[in-house]
Amino acid sequence: MGLVTLVDLLKDADSRKYAVGGFVLVNLEWLQAVAEAAQRKQSPLCLCIAQVHFDFVDMEALAPAIHQASKQLPVPVAVHLDHGKTLDAIMRAIKCGFTSVMFDGSDLPFEENVEMTRRIVDFAHSVGVSVEAELGAVGGGYGKVEGGEAPPPELLTDPLQAAEFVRRTNCDALAVAIGTVHGKYKGKPKLDFERLKKIRELTDVPLVLHGGSGIPPEDVKRAIELGVRKINIYYDMQKSATDRIRELINRDGENVTYPDIMSACKQGVREAVEYYMDVFASSGKCSAPNILCRNCQACSHAERVSLSLSDEELARRIAIAVAEALKGGNPQ
Ligand SMILES: [Zn+2]
């Protein structure tokens with residue numbers, strides 16, 4: 001079983017300097033495509049369902065399939081609610097067995113965002129669930145700014161406020177607004193790296209970028225250097241799937257069957273996810289035993305790690321061997 005919390009994933013991402021993709025799912029084909037990509041790329045994974053998609057995504061129906069896929073995957077998986085806006089959605093996700101939730105109070109006044117986030121963190125931590133919070137406005141319709149324009153500077157995350165927010169809420173990860181946009185960017189993304197650097201200096205939690213689709217690889221690399229440990233992707237997954245389906249219909253016209261469309265969709269989603277796993281440098285992170293194996297146990301590396309890394313177990317075995325030797329018996 002490779003289910004882990006977001007805290008586990010981001011701790012490893014922090015120590016090995018990469019970012020985990022938060023890939024937002026809408027149905028079973030997407031789940032299969034993302035699972036295949038993670039297996040092929042040997043990459044840790046954060047599978048997300050977004051509250052904004054609840055009109056067409058049935059979280060309760062999809063959750064058992066996500067857990068089943070997570071059990072079979074040889075990589076660690078955090079199952080995460082993206083942009084939880086209401087207490088009801090967050091409680092539902094926790095009941096579904098999600099290991100992590102996002103509470104997005106970024107539309108609220110600062111004090112209300114602090115208060116709500118703090119209460120959700122207290123509850124979630126009591127049942128072992130991680131919490132991502134958000135401060136500042138990411139563009140593109142989930143927050144205060146509609147459309148593909150980056151929000152004006154006064155709506156981006158204020159570094160001093162971020163420090164206070166993290167200290168008072170005890171959140172596990174912070175989604176920051178530094179000019180990213182949900183959906184399609186109008187023109188080239190312009191990220192405020194000076195702001196990101198200041199936020200990094202003043203806070204001690206892993207940072208998250210939303211609106212990851214379309215950020216150039218060199219900007220992703222810089223963001224990772226400045227402490228970003230999770231990057232969310234949705235827009236490019238749906239674009240890649242739709243492009244593949246369109247190509248198929250243009251090519252084969254009336255001969256196209258529904259299973260053909262499902263295959264094209266899966267191919268498109270998988271290509272987008274694999275691309276971002278490479279860009280985020282999470283590819284290959286599960287190709288050898290590593291610290292994540294202690295909590296993951298999803299593949300054959302786990303045994304080797306627990307033998308080589310668990311000091312307590314090693315000490316116990318040495319103590320037994322010494323005791324047996326002193327007694328003149330045979331150590332087991
Ligand atoms: Zn988002």
# chains A, B, ... in the order shown; residues from 1 in each chain; ligands from 1

call {"tool": "residues_around", "arguments": {"residues": "A:Phe165", "least_positions_apart": "4", "cutoff": "12 Å", "atoms": "only C-alpha atoms", "output": "ChimeraX atom specification"}}
result
/A:105-106,110-118,133-136,157-161,169-176,199,202-205

call {"tool": "write_last_selection", "arguments": {"atoms": "N, CA, C and O atoms", "output": "compact mmCIF listing (two decimals), in the first residue's frame"}}
result
# COMPACT_ATOMS: atom_id res chain seq x y z
N GLY A 105 -9.01 29.36 1.64
CA GLY A 105 -9.73 30.50 2.21
C GLY A 105 -9.21 31.81 1.62
O GLY A 105 -9.34 32.86 2.24
N SER A 106 -8.60 31.74 0.42
CA SER A 106 -7.92 32.92 -0.13
C SER A 106 -8.89 34.04 -0.48
O SER A 106 -8.48 35.19 -0.61
N PHE A 110 -8.15 38.27 5.72
CA PHE A 110 -7.01 37.57 6.33
C PHE A 110 -7.37 36.87 7.64
O PHE A 110 -7.10 35.67 7.81
N GLU A 111 -8.00 37.61 8.56
CA GLU A 111 -8.29 37.02 9.87
C GLU A 111 -9.22 35.81 9.76
O GLU A 111 -9.05 34.81 10.47
N GLU A 112 -10.20 35.89 8.86
CA GLU A 112 -11.13 34.76 8.69
C GLU A 112 -10.43 33.56 8.07
O GLU A 112 -10.68 32.41 8.44
N ASN A 113 -9.53 33.84 7.11
CA ASN A 113 -8.76 32.76 6.48
C ASN A 113 -7.90 32.06 7.55
O ASN A 113 -7.87 30.82 7.64
N VAL A 114 -7.25 32.86 8.40
CA VAL A 114 -6.43 32.29 9.48
C VAL A 114 -7.30 31.41 10.38
O VAL A 114 -6.96 30.25 10.67
N GLU A 115 -8.44 31.94 10.81
CA GLU A 115 -9.28 31.25 11.79
C GLU A 115 -9.82 29.93 11.22
O GLU A 115 -9.75 28.88 11.86
N MET A 116 -10.36 29.99 9.99
CA MET A 116 -10.92 28.78 9.37
C MET A 116 -9.82 27.74 9.13
O MET A 116 -9.98 26.56 9.40
N THR A 117 -8.68 28.21 8.59
CA THR A 117 -7.58 27.28 8.30
C THR A 117 -7.10 26.61 9.58
O THR A 117 -6.90 25.40 9.63
N ARG A 118 -6.95 27.42 10.64
CA ARG A 118 -6.46 26.88 11.90
C ARG A 118 -7.39 25.79 12.45
O ARG A 118 -6.95 24.72 12.88
N ALA A 133 -2.89 25.12 2.65
CA ALA A 133 -3.71 26.34 2.75
C ALA A 133 -3.30 27.29 1.64
O ALA A 133 -2.30 27.06 0.94
N GLU A 134 -4.08 28.36 1.45
CA GLU A 134 -3.73 29.32 0.39
C GLU A 134 -3.87 30.74 0.90
O GLU A 134 -4.82 31.08 1.61
N LEU A 135 -2.91 31.57 0.48
CA LEU A 135 -2.94 32.98 0.83
C LEU A 135 -2.57 33.78 -0.42
O LEU A 135 -1.54 33.53 -1.03
N GLY A 136 -3.43 34.73 -0.79
CA GLY A 136 -3.20 35.52 -2.01
C GLY A 136 -4.02 34.97 -3.15
O GLY A 136 -4.58 33.88 -3.06
N THR A 157 0.63 37.08 -2.85
CA THR A 157 0.92 36.75 -1.45
C THR A 157 1.92 37.74 -0.85
O THR A 157 3.00 37.94 -1.43
N ASP A 158 1.56 38.31 0.27
CA ASP A 158 2.47 39.22 0.98
C ASP A 158 3.39 38.38 1.88
O ASP A 158 2.89 37.62 2.73
N PRO A 159 4.72 38.47 1.71
CA PRO A 159 5.62 37.59 2.45
C PRO A 159 5.48 37.69 3.98
O PRO A 159 5.50 36.68 4.67
N LEU A 160 5.31 38.92 4.49
CA LEU A 160 5.17 39.07 5.95
C LEU A 160 3.89 38.42 6.45
O LEU A 160 3.87 37.75 7.48
N GLN A 161 2.81 38.63 5.67
CA GLN A 161 1.54 38.00 6.03
C GLN A 161 1.65 36.48 5.97
O GLN A 161 1.08 35.77 6.79
N THR A 169 -1.55 29.25 11.75
CA THR A 169 -2.45 28.17 11.32
C THR A 169 -1.84 26.79 11.49
O THR A 169 -2.55 25.80 11.54
N ASN A 170 -0.48 26.71 11.49
CA ASN A 170 0.19 25.41 11.57
C ASN A 170 -0.12 24.53 10.35
O ASN A 170 -0.15 23.30 10.45
N CYS A 171 -0.37 25.16 9.19
CA CYS A 171 -0.66 24.38 7.97
C CYS A 171 0.61 23.63 7.53
O CYS A 171 1.73 24.00 7.90
N ASP A 172 0.43 22.58 6.73
CA ASP A 172 1.56 21.73 6.32
C ASP A 172 2.22 22.19 5.03
O ASP A 172 3.36 21.83 4.74
N ALA A 173 1.46 22.92 4.21
CA ALA A 173 1.99 23.43 2.95
C ALA A 173 1.21 24.70 2.62
O ALA A 173 0.04 24.83 2.99
N LEU A 174 1.86 25.63 1.92
CA LEU A 174 1.19 26.90 1.61
C LEU A 174 1.21 27.16 0.10
O LEU A 174 2.27 27.21 -0.52
N ALA A 175 -0.01 27.29 -0.47
CA ALA A 175 -0.13 27.69 -1.88
C ALA A 175 0.03 29.20 -1.94
O ALA A 175 -0.68 29.93 -1.25
N VAL A 176 0.98 29.64 -2.76
CA VAL A 176 1.28 31.07 -2.83
C VAL A 176 0.90 31.63 -4.19
O VAL A 176 0.89 30.92 -5.20
N ILE A 199 9.14 35.00 0.55
CA ILE A 199 8.22 34.08 1.24
C ILE A 199 9.01 32.90 1.79
O ILE A 199 8.84 32.47 2.93
N LEU A 202 10.95 33.70 4.91
CA LEU A 202 10.17 34.02 6.12
C LEU A 202 9.27 32.87 6.59
O LEU A 202 8.63 32.98 7.63
N THR A 203 9.16 31.80 5.81
CA THR A 203 8.30 30.68 6.21
C THR A 203 9.11 29.38 6.18
O THR A 203 10.15 29.31 5.55
N ASP A 204 8.59 28.36 6.88
CA ASP A 204 9.34 27.10 6.91
C ASP A 204 8.50 25.92 6.43
O ASP A 204 8.81 24.77 6.76
N VAL A 205 7.42 26.17 5.66
CA VAL A 205 6.64 25.05 5.13
C VAL A 205 6.90 24.92 3.62
O VAL A 205 7.29 25.89 2.97

call {"tool": "residues_around", "arguments": {"residues": "A:Ala50", "least_positions_apart": "3", "cutoff": "6 Å", "atoms": "only C-alpha atoms", "output": "list in words"}}
result
His53, Leu81, Asp82 and His83 of chain A

call {"tool": "residues_near_ligand", "arguments": {"ligand": "ligand 1", "cutoff": "9 Å", "atoms": "only C-alpha atoms and all ligand atoms", "output": "list in words"}}
result
Ala50, Asp82, His83, Asp104, Val138, Tyr142, Gly143, Ala175, Val181, His182, Leu209, His210, Gly211, Gly212, Asn232, Ile233 and Tyr234 of chain A

call {"tool": "closest_atom_pairs", "arguments": {"of": "stretch 65-136 of chain A", "to": "stretch 26-37 of chain A", "cutoff": "9 Å", "atoms": "only C-alpha atoms", "output": "JSON lines"}}
result
{"residue": "A:Ala65", "atom": "CA", "partner": "A:Leu28", "partner_atom": "CA", "distance": 7.7}
{"residue": "A:Ile66", "atom": "CA", "partner": "A:Leu31", "partner_atom": "CA", "distance": 7.0}
{"residue": "A:Ala69", "atom": "CA", "partner": "A:Ala35", "partner_atom": "CA", "distance": 7.1}
{"residue": "A:Ser70", "atom": "CA", "partner": "A:Ala35", "partner_atom": "CA", "distance": 8.0}
{"residue": "A:Leu73", "atom": "CA", "partner": "A:Ala35", "partner_atom": "CA", "distance": 7.0}

call {"tool": "select_by_dssp", "arguments": {"residues": "stretch 94-327 of chain A", "states": "alpha helix (DSSP H)", "output": "ChimeraX atom specification"}}
result
/A:94-95,110-126,159-169,193-202,217-225,235-252,258-279,293-296,301-309,311-327

call {"tool": "residues_around", "arguments": {"residues": "stretch 237-246 of chain A", "least_positions_apart": "4", "cutoff": "6 Å", "atoms": "only C-alpha atoms", "output": "PyMOL selection string"}}
result
chain A and resi 261+264-265+268-269+272

call {"tool": "decode", "arguments": {"residues": "stretch 263-282 of chain A", "atoms": "N, CA, C and O atoms", "output": "JSON list (two decimals), in the first residue's frame"}}
result
[["chain", "number", "residue", "atom", "x", "y", "z"],
["A", 263, "SER", "N", -9.20, 5.63, -25.34],
["A", 263, "SER", "CA", -7.75, 5.41, -25.48],
["A", 263, "SER", "C", -7.03, 6.70, -25.83],
["A", 263, "SER", "O", -5.95, 6.98, -25.28],
["A", 264, "ALA", "N", -7.63, 7.48, -26.73],
["A", 264, "ALA", "CA", -6.99, 8.74, -27.12],
["A", 264, "ALA", "C", -6.91, 9.68, -25.92],
["A", 264, "ALA", "O", -5.90, 10.36, -25.70],
["A", 265, "CYS", "N", -7.97, 9.70, -25.14],
["A", 265, "CYS", "CA", -8.01, 10.54, -23.93],
["A", 265, "CYS", "C", -6.89, 10.13, -22.97],
["A", 265, "CYS", "O", -6.12, 10.97, -22.49],
["A", 266, "LYS", "N", -6.79, 8.82, -22.73],
["A", 266, "LYS", "CA", -5.76, 8.33, -21.81],
["A", 266, "LYS", "C", -4.36, 8.68, -22.31],
["A", 266, "LYS", "O", -3.50, 9.09, -21.53],
["A", 267, "GLN", "N", -4.17, 8.51, -23.62],
["A", 267, "GLN", "CA", -2.85, 8.82, -24.18],
["A", 267, "GLN", "C", -2.50, 10.30, -23.95],
["A", 267, "GLN", "O", -1.39, 10.64, -23.53],
["A", 268, "GLY", "N", -3.48, 11.16, -24.22],
["A", 268, "GLY", "CA", -3.25, 12.60, -24.05],
["A", 268, "GLY", "C", -2.91, 12.95, -22.61],
["A", 268, "GLY", "O", -1.94, 13.69, -22.34],
["A", 269, "VAL", "N", -3.69, 12.43, -21.68],
["A", 269, "VAL", "CA", -3.45, 12.73, -20.26],
["A", 269, "VAL", "C", -2.08, 12.20, -19.84],
["A", 269, "VAL", "O", -1.29, 12.90, -19.19],
["A", 270, "ARG", "N", -1.78, 10.97, -20.26],
["A", 270, "ARG", "CA", -0.50, 10.37, -19.86],
["A", 270, "ARG", "C", 0.69, 11.18, -20.39],
["A", 270, "ARG", "O", 1.66, 11.42, -19.66],
["A", 271, "GLU", "N", 0.59, 11.62, -21.63],
["A", 271, "GLU", "CA", 1.70, 12.41, -22.21],
["A", 271, "GLU", "C", 1.94, 13.69, -21.41],
["A", 271, "GLU", "O", 3.08, 14.06, -21.12],
["A", 272, "ALA", "N", 0.84, 14.36, -21.07],
["A", 272, "ALA", "CA", 0.98, 15.63, -20.31],
["A", 272, "ALA", "C", 1.60, 15.36, -18.95],
["A", 272, "ALA", "O", 2.52, 16.07, -18.51],
["A", 273, "VAL", "N", 1.13, 14.32, -18.27],
["A", 273, "VAL", "CA", 1.63, 14.02, -16.92],
["A", 273, "VAL", "C", 3.10, 13.62, -16.97],
["A", 273, "VAL", "O", 3.91, 14.09, -16.15],
["A", 274, "GLU", "N", 3.46, 12.79, -17.94],
["A", 274, "GLU", "CA", 4.87, 12.37, -18.03],
["A", 274, "GLU", "C", 5.78, 13.58, -18.30],
["A", 274, "GLU", "O", 6.87, 13.69, -17.74],
["A", 275, "TYR", "N", 5.30, 14.48, -19.16],
["A", 275, "TYR", "CA", 6.08, 15.69, -19.45],
["A", 275, "TYR", "C", 6.35, 16.47, -18.15],
["A", 275, "TYR", "O", 7.49, 16.84, -17.86],
["A", 276, "TYR", "N", 5.29, 16.67, -17.38],
["A", 276, "TYR", "CA", 5.47, 17.47, -16.16],
["A", 276, "TYR", "C", 6.28, 16.74, -15.10],
["A", 276, "TYR", "O", 7.02, 17.37, -14.33],
["A", 277, "MET", "N", 6.18, 15.41, -15.04],
["A", 277, "MET", "CA", 7.02, 14.68, -14.07],
["A", 277, "MET", "C", 8.50, 14.89, -14.39],
["A", 277, "MET", "O", 9.33, 15.03, -13.48],
["A", 278, "ASP", "N", 8.83, 14.94, -15.68],
["A", 278, "ASP", "CA", 10.22, 15.22, -16.07],
["A", 278, "ASP", "C", 10.60, 16.65, -15.69],
["A", 278, "ASP", "O", 11.66, 16.90, -15.13],
["A", 279, "VAL", "N", 9.71, 17.60, -16.01],
["A", 279, "VAL", "CA", 10.01, 19.02, -15.74],
["A", 279, "VAL", "C", 10.14, 19.26, -14.24],
["A", 279, "VAL", "O", 11.00, 20.03, -13.79],
["A", 280, "PHE", "N", 9.32, 18.61, -13.44],
["A", 280, "PHE", "CA", 9.35, 18.81, -11.99],
["A", 280, "PHE", "C", 10.50, 18.03, -11.33],
["A", 280, "PHE", "O", 10.68, 18.10, -10.12],
["A", 281, "ALA", "N", 11.20, 17.21, -12.14],
["A", 281, "ALA", "CA", 12.31, 16.37, -11.64],
["A", 281, "ALA", "C", 11.85, 15.33, -10.62],
["A", 281, "ALA", "O", 12.62, 14.87, -9.78],
["A", 282, "SER", "N", 10.56, 14.94, -10.69],
["A", 282, "SER", "CA", 10.10, 13.86, -9.80],
["A", 282, "SER", "C", 10.30, 12.50, -10.47],
["A", 282, "SER", "O", 10.25, 11.46, -9.81]]
